[in-house]
file query36.txt (compact mmCIF, C-alpha atoms)
# COMPACT_ATOMS: atom_id res chain seq x y z
CA MET X 1485 -11.50 17.05 -20.59
CA LYS X 1486 -8.62 18.76 -18.88
CA LYS X 1487 -10.87 19.74 -15.98
CA ILE X 1488 -12.16 16.18 -15.56
CA LEU X 1489 -8.65 14.79 -15.66
CA ASN X 1490 -7.47 17.38 -13.17
CA GLY X 1491 -10.37 16.61 -10.84
CA LEU X 1492 -9.52 12.94 -11.07
CA PHE X 1493 -5.89 13.60 -10.18
CA ILE X 1494 -6.89 15.75 -7.19
CA VAL X 1495 -9.10 12.98 -5.77
CA LEU X 1496 -6.52 10.32 -6.55
CA ARG X 1497 -3.78 12.42 -5.00
CA PHE X 1498 -5.66 12.57 -1.71
CA ILE X 1499 -6.53 8.84 -1.66
CA LEU X 1500 -2.98 7.81 -2.52
CA PHE X 1501 -1.62 10.20 0.09
CA ILE X 1502 -3.69 8.49 2.81
CA ILE X 1503 -2.68 4.99 1.66
CA ALA X 1504 1.01 5.90 1.36
CA PHE X 1505 1.01 7.55 4.77
CA SER X 1506 -0.76 4.61 6.47
CA MET X 1507 1.59 2.04 4.96
CA THR X 1508 4.68 4.06 5.83
CA LEU X 1509 3.36 4.55 9.38
CA TYR X 1510 2.77 0.80 9.74
CA ILE X 1511 6.27 -0.08 8.52
CA VAL X 1512 8.00 2.58 10.61
CA LEU X 1513 6.04 1.63 13.75
CA SER X 1514 6.96 -2.05 13.27
CA MET X 1515 10.57 -1.11 12.60
CA TYR X 1516 10.89 1.07 15.71
CA GLU X 1517 9.07 -1.48 17.85
CA ARG X 1518 11.48 -4.16 16.71
CA ILE X 1519 14.58 -2.17 17.58
CA ASN X 1520 13.00 -0.74 20.78
CA LYS X 1521 13.50 2.80 19.61
CA ASP X 1522 11.38 5.76 20.62
CA ILE X 1523 8.91 6.63 17.86
CA VAL X 1524 9.68 10.33 18.41
CA ASN X 1525 12.94 9.66 16.55
CA ALA X 1526 10.89 8.85 13.44
CA LEU X 1527 9.55 12.40 13.29
CA PRO X 1528 11.81 13.46 10.36
CA ILE X 1529 10.22 10.69 8.27
CA PHE X 1530 6.70 12.00 8.85
CA LEU X 1531 7.49 15.71 8.82
CA PRO X 1532 7.20 16.00 5.00
CA TYR X 1533 3.82 14.20 5.15
CA ALA X 1534 2.59 16.68 7.75
CA LEU X 1535 3.83 19.64 5.71
CA PHE X 1536 2.26 18.24 2.56
CA LEU X 1537 -1.08 17.76 4.33
CA LEU X 1538 -0.89 21.32 5.64
CA LEU X 1539 -0.31 22.60 2.10
CA LEU X 1540 -3.18 20.48 0.80
CA LEU X 1541 -5.50 22.08 3.36
CA ILE X 1542 -4.22 25.57 2.55
CA ASN X 1543 -4.66 24.95 -1.19
CA SER X 1544 -8.21 23.75 -0.82
CA ASN X 1545 -9.29 26.34 1.78
CA LEU X 1546 -7.78 29.32 0.01
CA ASN X 1547 -8.81 27.90 -3.36
CA GLN X 1548 -5.33 28.21 -4.82
CA LYS X 1549 -6.16 27.83 -8.50
CA SER X 1550 -2.52 28.05 -9.55
CA VAL X 1551 -1.88 24.82 -7.64
CA ASN X 1552 -5.21 23.04 -7.83
CA GLN X 1553 -5.52 23.55 -11.58
CA ASN X 1554 -1.93 22.65 -12.31
CA ILE X 1555 -2.36 19.28 -14.02
CA PHE X 1556 1.38 18.56 -14.18
CA TYR X 1557 1.77 19.09 -10.43
CA ASN X 1558 -1.24 16.94 -9.62
CA LEU X 1559 -0.02 14.17 -11.92
CA THR X 1560 3.42 14.27 -10.28
CA CYS X 1561 1.80 14.04 -6.84
CA CYS X 1562 -0.17 10.95 -7.96
CA LEU X 1563 2.99 9.36 -9.33
CA VAL X 1564 4.98 10.08 -6.17
CA PHE X 1565 2.37 8.56 -3.87
CA SER X 1566 1.88 5.58 -6.19
CA CYS X 1567 5.63 5.01 -6.05
CA ILE X 1568 5.61 5.19 -2.23
CA CYS X 1569 2.66 2.75 -2.11
CA LEU X 1570 4.43 0.38 -4.51
CA ILE X 1571 7.63 0.36 -2.47
CA ASP X 1572 5.80 -0.03 0.85
CA ALA X 1573 3.79 -2.89 -0.63
CA ARG X 1574 6.95 -4.60 -1.85
CA ALA X 1575 8.58 -4.19 1.56
CA ILE X 1576 5.61 -5.98 3.12
CA PHE X 1577 4.53 -8.52 0.52
CA ASP X 1578 7.48 -9.36 -1.73
CA LYS X 1579 8.71 -12.59 -0.19
CA ASN X 1580 11.37 -13.10 -2.85
CA MET X 1581 13.51 -10.55 -1.07
CA LEU X 1582 15.29 -12.85 1.30
CA LEU X 1583 15.89 -10.51 4.20
CA ASN X 1584 12.15 -10.81 4.82
CA GLU X 1585 12.68 -14.49 5.52
CA ILE X 1586 16.02 -14.25 7.28
CA MET X 1587 14.94 -11.59 9.76
CA GLY X 1588 11.62 -13.34 10.29
CA CYS X 1589 9.61 -10.17 10.76
CA ASN X 1590 7.55 -10.17 7.55
CA ILE X 1591 8.61 -6.66 6.58
CA ASN X 1592 11.79 -5.95 4.69
CA PHE X 1593 13.16 -3.03 6.69
CA SER X 1594 16.44 -3.00 4.80
CA TYR X 1595 14.67 -2.41 1.49
CA PHE X 1596 12.39 0.19 3.04
CA SER X 1597 15.23 2.12 4.68
CA ASP X 1598 17.02 2.28 1.33
CA PHE X 1599 14.00 4.16 0.08
CA ILE X 1600 13.47 6.61 2.98
CA SER X 1601 15.88 9.22 1.60
CA PHE X 1602 14.18 9.11 -1.85
CA MET X 1603 10.80 9.42 -0.20
CA LYS X 1604 11.94 12.56 1.63
CA ILE X 1605 13.48 14.03 -1.54
CA MET X 1606 10.26 13.50 -3.48
CA LEU X 1607 7.98 14.86 -0.76
CA TYR X 1608 10.12 17.92 -0.02
CA GLY X 1609 10.39 18.51 -3.76
CA LEU X 1610 6.61 18.50 -4.04
CA ILE X 1611 6.30 20.83 -1.04
CA ILE X 1612 8.78 23.35 -2.45
CA SER X 1613 7.21 23.29 -5.90
CA ASN X 1614 3.79 23.72 -4.29
CA ILE X 1615 5.05 26.81 -2.46
CA CYS X 1616 6.55 28.13 -5.71
CA PHE X 1617 3.22 27.64 -7.53
CA MET X 1618 1.41 29.45 -4.71
CA VAL X 1619 3.26 32.63 -5.63
CA HIS X 1620 1.13 34.17 -8.39
CA GLU X 1621 -0.12 37.51 -9.54
CA LYS X 1622 -3.56 38.53 -8.43
CA GLU X 1623 -5.94 38.81 -11.36
CA PRO X 1624 -7.00 42.40 -12.12
CA LYS X 1625 -10.44 43.26 -10.78
CA GLU X 1626 -11.82 44.06 -14.23
CA LEU X 1627 -10.84 40.61 -15.47
CA GLU X 1628 -12.46 38.96 -12.45
CA ILE X 1629 -15.71 40.87 -13.05
CA ALA X 1630 -15.60 40.01 -16.75
CA LYS X 1631 -15.19 36.34 -15.91
CA LYS X 1632 -18.12 36.46 -13.48
CA ILE X 1633 -20.31 38.09 -16.09
CA GLU X 1634 -19.24 35.45 -18.58
CA VAL X 1635 -20.30 32.73 -16.15
CA ILE X 1636 -23.67 34.40 -15.53
CA MET P 715 9.44 43.26 -11.39
CA LYS P 716 6.64 41.43 -9.60
CA LYS P 717 5.70 39.61 -12.76
CA LEU P 718 9.30 38.57 -13.29
CA LEU P 719 9.44 37.21 -9.73
CA VAL P 720 6.24 35.22 -10.27
CA GLU P 721 7.64 33.83 -13.53
CA TYR P 722 10.84 32.94 -11.75
CA PHE P 723 8.98 31.08 -8.98
CA ASN P 724 6.87 29.27 -11.56
CA MET P 725 9.98 28.23 -13.40
CA ILE P 726 11.52 26.80 -10.20
CA GLY P 727 8.23 25.03 -9.43
CA TYR P 728 8.03 23.40 -12.84
CA ALA P 729 11.71 22.47 -12.83
CA LEU P 730 11.40 20.81 -9.43
CA CYS P 731 8.23 19.05 -10.49
CA GLY P 732 10.01 17.76 -13.60
CA ILE P 733 12.93 16.44 -11.56
CA ILE P 734 10.58 14.70 -9.12
CA PHE P 735 8.58 13.31 -12.06
CA GLY P 736 11.76 11.82 -13.54
CA LEU P 737 12.98 10.47 -10.22
CA THR P 738 9.63 8.80 -9.56
CA PHE P 739 9.63 7.12 -12.95
CA PHE P 740 13.19 5.97 -12.36
CA LEU P 741 12.22 4.45 -9.00
CA ILE P 742 9.10 2.77 -10.41
CA PHE P 743 10.99 1.27 -13.36
CA ILE P 744 13.93 0.09 -11.28
CA ASN P 745 11.45 -1.54 -8.91
CA PHE P 746 9.76 -3.46 -11.70
CA TYR P 747 13.18 -4.46 -12.99
CA HIS P 748 14.28 -5.53 -9.53
CA TYR P 749 11.02 -7.44 -8.99
CA ASN P 750 11.46 -9.29 -12.28
CA ASP P 751 15.06 -10.06 -11.49
CA ILE P 752 14.44 -11.63 -8.10
CA SER P 753 11.19 -13.40 -8.93
CA SER P 754 12.67 -15.26 -11.88
CA THR P 755 12.67 -19.04 -11.63
CA TYR P 756 14.88 -21.57 -13.35
CA LEU P 757 13.34 -24.69 -14.82
CA LYS P 758 15.87 -27.50 -14.56
CA GLN P 759 16.98 -29.36 -17.67
CA GLU P 760 17.57 -33.07 -18.11
CA SER P 761 21.33 -32.48 -17.88
CA ASP P 762 20.89 -30.96 -14.42
CA PHE P 763 19.27 -34.11 -13.11
CA LYS P 764 22.11 -36.14 -14.62
CA ALA P 765 24.63 -33.97 -12.78
CA ASN P 766 22.70 -34.45 -9.54
CA LYS P 767 22.78 -38.21 -10.02
CA GLU P 768 26.54 -38.04 -10.53
CA LEU P 769 26.88 -36.21 -7.23
CA LYS P 770 24.90 -38.87 -5.41
CA ASP P 771 26.85 -41.66 -7.10
CA LYS P 772 30.06 -40.04 -5.95
CA LEU P 773 28.81 -39.92 -2.38
CA GLN P 774 28.02 -43.63 -2.65
CA LYS P 775 31.53 -44.28 -3.97
CA ILE P 776 32.97 -42.46 -0.96
CA ASN P 777 31.07 -44.86 1.29
CA ASP P 778 32.33 -47.85 -0.74
CA ASN P 779 35.95 -46.68 -0.58
CA VAL P 780 35.74 -46.17 3.14
CA ALA P 781 33.99 -49.49 3.74
CA SER P 782 37.03 -51.36 2.41
CA PHE P 783 38.77 -50.91 5.78
CA ASP P 784 38.09 -53.55 8.39
CA ILE P 785 39.92 -52.97 11.66
CA ASN P 786 39.98 -56.69 12.49
CA ASN P 787 41.43 -57.85 9.18
CA TYR P 788 43.93 -55.06 8.49
CA SER P 789 47.43 -56.36 8.01
CA GLY P 790 49.27 -53.20 6.87
CA THR P 791 51.86 -51.13 8.70
CA GLU P 792 49.78 -48.03 9.40
CA ASN P 793 48.24 -47.17 12.76
CA ILE P 794 44.82 -48.86 12.78
CA TYR P 795 43.33 -46.30 15.18
CA ALA P 796 44.32 -43.49 12.85
CA LEU P 797 42.79 -45.34 9.91
CA ALA P 798 39.62 -45.96 11.91
CA SER P 799 39.47 -42.29 12.85
CA ILE P 800 39.73 -41.20 9.21
CA LYS P 801 37.13 -43.77 8.22
CA THR P 802 34.68 -42.39 10.80
CA ARG P 803 35.35 -38.84 9.64
CA LEU P 804 34.72 -39.66 6.00
CA GLU P 805 31.58 -41.61 6.88
CA THR P 806 30.29 -38.72 8.96
CA CYS P 807 30.96 -36.35 6.07
CA SER P 808 29.13 -38.57 3.64
CA SER P 809 26.13 -39.04 5.92
CA LYS P 810 25.93 -35.30 6.71
CA ILE P 811 25.86 -34.47 3.00
CA ASN P 812 23.82 -37.35 1.64
CA ASN P 813 20.57 -36.76 3.51
CA GLU P 814 16.93 -35.95 2.76
CA ASP P 815 17.51 -32.21 2.62
CA LEU P 816 20.01 -32.59 -0.19
CA THR P 817 17.62 -34.86 -2.10
CA LYS P 818 14.86 -32.29 -1.65
CA ILE P 819 17.08 -29.51 -2.96
CA LEU P 820 18.48 -31.45 -5.90
CA ASP P 821 15.19 -33.02 -7.00
CA LYS P 822 13.30 -29.74 -7.32
CA LYS P 823 12.19 -29.18 -10.88
CA GLU P 824 11.81 -25.42 -10.60
CA VAL P 825 14.35 -23.38 -8.69
CA THR P 826 13.53 -20.03 -7.10
CA ILE P 827 15.88 -17.62 -5.36
CA LYS P 828 14.68 -19.01 -2.01
CA ASP P 829 15.75 -22.51 -3.04
CA VAL P 830 19.15 -21.19 -4.01
CA TYR P 831 19.45 -19.57 -0.59
CA GLU P 832 18.47 -22.87 1.10
CA MET P 833 21.04 -24.63 -1.03
CA GLN P 834 23.69 -22.18 0.11
CA GLN P 835 22.65 -22.64 3.73
CA PHE P 836 22.86 -26.41 3.32
CA TYR P 837 26.37 -26.02 1.95
CA GLN P 838 27.36 -23.71 4.79
CA ILE P 839 25.98 -25.91 7.56
CA ASN P 840 26.41 -29.49 6.34
CA ILE P 841 29.37 -29.33 4.02
CA SER P 842 31.43 -26.43 5.30
CA ASN P 843 30.78 -26.57 9.06
CA GLU P 844 29.91 -30.18 9.78
CA CYS P 845 32.23 -31.87 7.31
CA LEU P 846 35.14 -29.63 6.33
CA VAL P 847 35.65 -27.84 9.63
CA LYS P 848 34.60 -30.43 12.21
CA GLN P 849 35.81 -33.59 10.48
CA LEU P 850 38.49 -32.92 7.90
CA TYR P 851 40.36 -29.86 9.13
CA GLU P 852 42.11 -31.92 11.81
CA LEU P 853 43.80 -33.91 9.04
CA VAL P 854 45.69 -30.73 8.16
CA THR P 855 47.76 -30.92 11.36
CA PRO P 856 48.18 -34.67 11.91
CA THR P 857 51.20 -34.21 14.19
CA ASP P 858 48.99 -32.52 16.81
CA ASN P 859 46.76 -35.55 17.12
CA PRO P 860 48.18 -38.89 18.29
CA ASN P 861 45.20 -40.65 16.73
CA LEU P 862 46.11 -39.44 13.26
CA GLN P 863 49.65 -40.72 12.86
CA ILE P 864 49.74 -41.99 9.28
CA SER P 865 52.98 -41.74 7.37
CA LYS P 866 51.50 -40.42 4.14
CA LEU P 867 49.21 -37.88 5.73
CA ASN P 868 51.99 -35.34 6.24
CA GLU P 869 52.56 -35.13 2.49
CA LEU P 870 48.87 -34.61 1.92
CA SER P 871 48.21 -31.94 4.55
CA PRO P 872 49.23 -28.81 2.53
CA PHE P 873 46.87 -29.94 -0.25
CA LEU P 874 44.11 -30.53 2.29
CA LYS P 875 44.67 -27.16 3.96
CA ASN P 876 44.49 -25.17 0.73
CA ASN P 877 41.42 -26.99 -0.52
CA ILE P 878 39.50 -26.85 2.75
CA GLU P 879 40.15 -23.13 3.10
CA ASP P 880 39.07 -22.47 -0.48
CA LEU P 881 35.93 -24.57 -0.16
CA MET P 882 34.96 -22.97 3.14
CA LYS P 883 35.01 -19.49 1.64
CA SER P 884 33.69 -20.42 -1.79
CA THR P 885 30.03 -19.57 -1.15
CA ASP P 886 30.58 -16.39 0.89
CA TYR P 887 30.34 -14.19 -2.17
CA LEU P 888 27.16 -15.94 -3.32
CA GLN P 889 25.59 -15.53 0.09
CA LYS P 890 26.24 -11.79 -0.09
CA VAL P 891 24.76 -11.60 -3.60
CA ILE P 892 21.63 -13.48 -2.57
CA LYS P 893 21.13 -11.45 0.60
CA ASN P 894 21.68 -8.26 -1.37
CA ASN P 895 18.57 -8.97 -3.35
CA SER P 896 16.71 -7.10 -0.61
CA SER P 897 18.30 -3.80 -1.51
CA TYR P 898 18.03 -1.52 -4.47
CA SER P 899 20.31 -2.28 -7.31
CA PHE P 900 21.66 0.88 -8.83
CA SER P 901 23.85 1.72 -11.77
CA SER P 902 27.03 0.22 -10.32
CA ASN P 903 25.23 -3.09 -10.23
CA SER P 904 23.16 -2.78 -13.40
CA SER P 905 25.83 -4.04 -15.79
CA LYS P 906 26.37 -7.04 -13.56
CA ILE P 907 22.64 -7.75 -13.44
CA ASP P 908 22.46 -7.72 -17.23
CA LEU P 909 25.03 -10.48 -17.34
CA TYR P 910 24.18 -12.27 -14.14
CA GLU P 911 20.76 -13.89 -13.86
CA GLN P 912 20.43 -14.18 -10.12
CA THR P 913 18.49 -17.43 -9.72
CA LYS P 914 19.97 -19.47 -12.56
CA ASP P 915 23.58 -18.35 -12.28
CA SER P 916 23.67 -18.54 -8.47
CA TYR P 917 22.24 -22.06 -8.72
CA TYR P 918 24.98 -23.16 -11.13
CA ALA P 919 27.70 -21.46 -9.08
CA LEU P 920 26.48 -23.31 -5.99
CA LEU P 921 26.22 -26.59 -7.84
CA ASN P 922 29.87 -26.19 -8.85
CA ASN P 923 30.78 -25.65 -5.21
CA TYR P 924 28.87 -28.80 -4.25
CA ARG P 925 30.70 -30.68 -6.97
CA SER P 926 34.12 -29.40 -5.87
CA ALA P 927 33.45 -30.25 -2.22
CA ILE P 928 32.20 -33.76 -2.99
CA ASP P 929 35.10 -34.34 -5.42
CA PHE P 930 37.49 -33.26 -2.72
CA ILE P 931 36.04 -35.70 -0.18
CA TYR P 932 36.04 -38.37 -2.87
CA ASP P 933 39.75 -37.71 -3.54
CA ILE P 934 40.50 -38.19 0.16
CA SER P 935 38.54 -41.44 0.15
CA VAL P 936 40.55 -42.64 -2.88
CA TRP P 937 43.79 -41.73 -1.10
CA TYR P 938 42.53 -43.58 1.97
CA LYS P 939 41.83 -46.66 -0.09
CA GLU P 940 45.36 -46.49 -1.56
CA VAL P 941 46.85 -46.20 1.91
CA LEU P 942 45.00 -49.35 2.89
CA GLY P 943 46.63 -51.06 -0.08
call {"tool": "encode", "arguments": {"input": "query36.txt", "output": "structure tokens"}}
result
Amino acid sequence: MKKILNGLFIVLRFILFIIAFSMTLYIVLSMYERINKDIVNALPIFLPYALFLLLLLINSNLNQKSVNQNIFYNLTCCLVFSCICLIDARAIFDKNMLLNEIMGCNINFSYFSDFISFMKIMLYGLIISNICFMVHEKEPKELEIAKKIEVI
Amino acid sequence: MKKLLVEYFNMIGYALCGIIFGLTFFLIFINFYHYNDISSTYLKQESDFKANKELKDKLQKINDNVASFDINNYSGTENIYALASIKTRLETCSSKINNEDLTKILDKKEVTIKDVYEMQQFYQINISNECLVKQLYELVTPTDNPNLQISKLNELSPFLKNNIEDLMKSTDYLQKVIKNNSSYSFSSNSSKIDLYEQTKDSYYALLNNYRSAIDFIYDISVWYKEVLG
């Protein structure tokens, strides 16, 4: 059960990551286009996404069990990306927030920019905790062999 | 030593994860709360429609009071051009306020935050700018205008000045509150939100401003009628 749930969270984490990143990219691109600002200035917003993706690749390639099998970490990742998706969706679709209407650009940049700092805190928090979980003791060789035998 | 270090790192990892977990839940809940707060609608009661009718009746009374002046038949001692000027100003005020947009706003059965914003904009443009500033503010300094030389106007001008200034600023706070609905509302605001239902209470606050402004114009029209004798 725990394994199934964990597997589900890992898949969900990746899907939500892509959705959250795409929505954030769309909002930030629109925002910078509107104020005629160079998109290079938005790099600090996307840096945590890039770092998180890098860690995801490292975790899957090096088969970091201490991270991949950590159900609490995976659940937190899912929650964080769901939260980002929810806020991005509200910035785009919630027409009851009146700045949407007043600015006439269909995206509530004010609401989104309120959230940018929280988004960074959450993503950097996940990155640091991921790095902390990556530090683990190597299993003794005898134990590894015993496990393999058990599997066979 | 190595084991201790690993334990230490794990501890930091879990602690950070826990903090992020809590923060995420906080943000999700506050978003649902915020969504509920701004998407609430207010279904008008029978008494509201009665109040709206009173407002319209008062606007009609302003027109009636003003219509009592006829430049050709006036036999009083006041300057007829000044009286005509005030009549035109009051008529302009009444026509700017009593139009289709106001009817649309007042006749809505269900009020959303957008309607309240439109109502505030109507107040700002038609009542505050077009009527109070462009038409009535000149009555505050009648000595500057040779077309407004009425003996009793000087006594009235301090009252006019105070009221116009109050009415002009009266919806500024509401406008800020309504526009602020696009930002997060954190703890400093939470107690206010508990007490202040954005749509309903802003609607009533605005309605009071409408009432005060129309009462004020009505009072001027009554004074004008008395001046005519």
call {"tool": "closest_atom_pairs", "arguments": {"input": "query36.txt", "of": "chain P", "to": "chain X", "cutoff": "10 Å", "atoms": "only C-alpha atoms", "output": "Markdown table"}}
result
| residue | atom | partner | partner_atom | distance |
| --- | --- | --- | --- | --- |
| P:Lys716 | CA | X:Glu1621 | CA | 7.8 |
| P:Lys717 | CA | X:Glu1621 | CA | 7.0 |
| P:Leu719 | CA | X:Val1619 | CA | 8.7 |
| P:Val720 | CA | X:His1620 | CA | 5.5 |
| P:Glu721 | CA | X:His1620 | CA | 8.3 |
| P:Tyr722 | CA | X:Cys1616 | CA | 8.8 |
| P:Phe723 | CA | X:Cys1616 | CA | 5.0 |
| P:Asn724 | CA | X:Phe1617 | CA | 5.7 |
| P:Met725 | CA | X:Cys1616 | CA | 8.4 |
| P:Ile726 | CA | X:Cys1616 | CA | 6.8 |
| P:Gly727 | CA | X:Ser1613 | CA | 4.1 |
| P:Tyr728 | CA | X:Ser1613 | CA | 7.0 |
| P:Ala729 | CA | X:Ser1613 | CA | 8.3 |
| P:Leu730 | CA | X:Ser1613 | CA | 6.0 |
| P:Cys731 | CA | X:Ser1613 | CA | 6.3 |
| P:Gly732 | CA | X:Thr1560 | CA | 8.2 |
| P:Ile733 | CA | X:Gly1609 | CA | 8.5 |
| P:Ile734 | CA | X:Met1606 | CA | 5.8 |
| P:Phe735 | CA | X:Thr1560 | CA | 5.5 |
| P:Gly736 | CA | X:Thr1560 | CA | 9.3 |
| P:Leu737 | CA | X:Met1606 | CA | 7.9 |
| P:Thr738 | CA | X:Val1564 | CA | 5.9 |
| P:Phe739 | CA | X:Leu1563 | CA | 7.9 |
| P:Phe740 | CA | X:Cys1567 | CA | 9.9 |
| P:Leu741 | CA | X:Cys1567 | CA | 7.2 |
| P:Ile742 | CA | X:Cys1567 | CA | 6.0 |
| P:Phe743 | CA | X:Cys1567 | CA | 9.8 |
| P:Asn745 | CA | X:Ile1571 | CA | 7.7 |
| P:Phe746 | CA | X:Leu1570 | CA | 9.7 |
| P:His748 | CA | X:Met1581 | CA | 9.9 |
| P:Tyr749 | CA | X:Asp1578 | CA | 8.3 |
| P:Asp751 | CA | X:Asn1580 | CA | 9.9 |
| P:Ile752 | CA | X:Asn1580 | CA | 6.3 |
| P:Ser753 | CA | X:Asn1580 | CA | 6.1 |
| P:Ser754 | CA | X:Asn1580 | CA | 9.4 |
| P:Thr826 | CA | X:Asn1580 | CA | 8.4 |
| P:Ile827 | CA | X:Asn1580 | CA | 6.9 |
| P:Lys828 | CA | X:Asn1580 | CA | 6.8 |
| P:Tyr831 | CA | X:Leu1582 | CA | 8.1 |
| P:Ile892 | CA | X:Leu1582 | CA | 7.5 |
| P:Lys893 | CA | X:Leu1582 | CA | 6.0 |
| P:Asn894 | CA | X:Leu1582 | CA | 8.3 |
| P:Asn895 | CA | X:Met1581 | CA | 5.8 |
| P:Ser896 | CA | X:Met1581 | CA | 4.7 |
| P:Ser897 | CA | X:Tyr1595 | CA | 4.9 |
| P:Tyr898 | CA | X:Tyr1595 | CA | 6.9 |
call {"tool": "atom_distance", "arguments": {"input": "query36.txt", "atom1": "CA of Val936 in chain P", "atom2": "CA of Lys818 in chain P"}}
result
27.7 Å
call {"tool": "residues_near_point", "arguments": {"input": "query36.txt", "point": "(3.4, 17.5, 7.0)", "cutoff": "12 Å", "atoms": "all atoms listed in the file", "output": "list in words"}}
result
Phe1501, Phe1505, Leu1527, Pro1528, Ile1529, Phe1530, Leu1531, Pro1532, Tyr1533, Ala1534, Leu1535, Phe1536, Leu1537, Leu1538, Leu1539, Leu1540, Leu1541, Ile1542, Lys1604, Leu1607, Tyr1608, Leu1610 and Ile1611 of chain X
call {"tool": "residues_around", "arguments": {"input": "query36.txt", "residues": "Met882 in chain P", "least_positions_apart": "2", "cutoff": "10 Å", "atoms": "only C-alpha atoms", "output": "PDB file with C-alpha atoms, in the frame of the given file"}}
result
ATOM      1  CA  TYR P 837      26.370 -26.020   1.950  1.00  0.00           C
ATOM      2  CA  GLN P 838      27.360 -23.710   4.790  1.00  0.00           C
ATOM      3  CA  ILE P 841      29.370 -29.330   4.020  1.00  0.00           C
ATOM      4  CA  SER P 842      31.430 -26.430   5.300  1.00  0.00           C
ATOM      5  CA  ASN P 843      30.780 -26.570   9.060  1.00  0.00           C
ATOM      6  CA  LEU P 846      35.140 -29.630   6.330  1.00  0.00           C
ATOM      7  CA  VAL P 847      35.650 -27.840   9.630  1.00  0.00           C
ATOM      8  CA  ASN P 877      41.420 -26.990  -0.520  1.00  0.00           C
ATOM      9  CA  ILE P 878      39.500 -26.850   2.750  1.00  0.00           C
ATOM     10  CA  GLU P 879      40.150 -23.130   3.100  1.00  0.00           C
ATOM     11  CA  ASP P 880      39.070 -22.470  -0.480  1.00  0.00           C
ATOM     12  CA  SER P 884      33.690 -20.420  -1.790  1.00  0.00           C
ATOM     13  CA  THR P 885      30.030 -19.570  -1.150  1.00  0.00           C
ATOM     14  CA  ASP P 886      30.580 -16.390   0.890  1.00  0.00           C
ATOM     15  CA  ASN P 923      30.780 -25.650  -5.210  1.00  0.00           C
ATOM     16  CA  ALA P 927      33.450 -30.250  -2.220  1.00  0.00           C
TER      17      ALA P 927
END
call {"tool": "atom_distance", "arguments": {"input": "query36.txt", "atom1": "CA of Tyr795 in chain P", "atom2": "CA of Asn813 in chain P"}}
result
27.3 Å
call {"tool": "axis_aligned_box", "arguments": {"input": "query36.txt", "around": "range 725-731 of chain P", "padding_each_side": "4 Å", "output": "AutoDock Vina command-line options"}}
result
--center_x 9.9 --center_y 23.6 --center_z -11.4 --size_x 11.7 --size_y 17.2 --size_z 12.0
call {"tool": "residues_around", "arguments": {"input": "query36.txt", "residues": "range 858-863 of chain P", "least_positions_apart": "4", "cutoff": "10 Å", "atoms": "all atoms listed in the file", "output": "list in words"}}
result
Glu792, Asn793, Ile794, Tyr795, Ala796, Leu797, Ala798, Ser799, Ile800, Glu852, Leu853, Val854, Leu867 and Asn868 of chain P
call {"tool": "atom_distance", "arguments": {"input": "query36.txt", "atom1": "CA of Leu1500 in chain X", "atom2": "CA of Phe1577 in chain X"}}
result
18.2 Å
call {"tool": "residues_around", "arguments": {"input": "query36.txt", "residues": "Leu1489 in chain X", "least_positions_apart": "4", "cutoff": "12 Å", "atoms": "only C-alpha atoms", "output": "number ranges by chain"}}
result
X: 1485, 1493-1497, 1552-1556, 1558-1559
call {"tool": "residues_near_point", "arguments": {"input": "query36.txt", "point": "(26.0, -18.0, -5.6)", "cutoff": "7 Å", "atoms": "only C-alpha atoms", "output": "JSON, numbers by chain"}}
result
{"P": [885, 887, 888, 889, 891, 892, 916, 917, 919, 920]}
call {"tool": "closest_residue", "arguments": {"input": "query36.txt", "among": "X:Gln1548, X:Glu1517, X:Ile1488, X:Asp1572", "to": "Ile1600 in chain X", "atoms": "all atoms listed in the file"}}
result
X:Asp1572
call {"tool": "decode", "arguments": {"input": "query36.txt", "residues": "range 820-825 of chain P", "atoms": "N, CA, C and O atoms", "output": "mmCIF file, in the first residue's frame"}}
result
data_model
loop_
_atom_site.group_PDB
_atom_site.id
_atom_site.type_symbol
_atom_site.label_atom_id
_atom_site.label_comp_id
_atom_site.auth_asym_id
_atom_site.auth_seq_id
_atom_site.Cartn_x
_atom_site.Cartn_y
_atom_site.Cartn_z
ATOM 1 N N LEU P 820 -29.314 49.965 -9.373
ATOM 2 C CA LEU P 820 -30.235 49.846 -8.238
ATOM 3 C C LEU P 820 -31.248 48.714 -8.410
ATOM 4 O O LEU P 820 -31.720 48.147 -7.429
ATOM 5 N N ASP P 821 -31.576 48.391 -9.663
ATOM 6 C CA ASP P 821 -32.603 47.366 -9.880
ATOM 7 C C ASP P 821 -32.075 45.932 -9.867
ATOM 8 O O ASP P 821 -32.854 44.989 -9.972
ATOM 9 N N LYS P 822 -30.766 45.776 -9.765
ATOM 10 C CA LYS P 822 -30.216 44.413 -9.745
ATOM 11 C C LYS P 822 -30.692 43.661 -8.508
ATOM 12 O O LYS P 822 -30.657 44.213 -7.403
ATOM 13 N N LYS P 823 -31.116 42.412 -8.740
ATOM 14 C CA LYS P 823 -31.622 41.653 -7.595
ATOM 15 C C LYS P 823 -30.493 41.021 -6.792
ATOM 16 O O LYS P 823 -30.565 40.858 -5.597
ATOM 17 N N GLU P 824 -29.433 40.641 -7.516
ATOM 18 C CA GLU P 824 -28.304 39.990 -6.843
ATOM 19 C C GLU P 824 -27.051 40.833 -7.075
ATOM 20 O O GLU P 824 -26.723 41.155 -8.221
ATOM 21 N N VAL P 825 -26.398 41.179 -5.991
ATOM 22 C CA VAL P 825 -25.244 42.073 -6.106
ATOM 23 C C VAL P 825 -23.952 41.279 -5.922
ATOM 24 O O VAL P 825 -23.808 40.537 -4.955
#
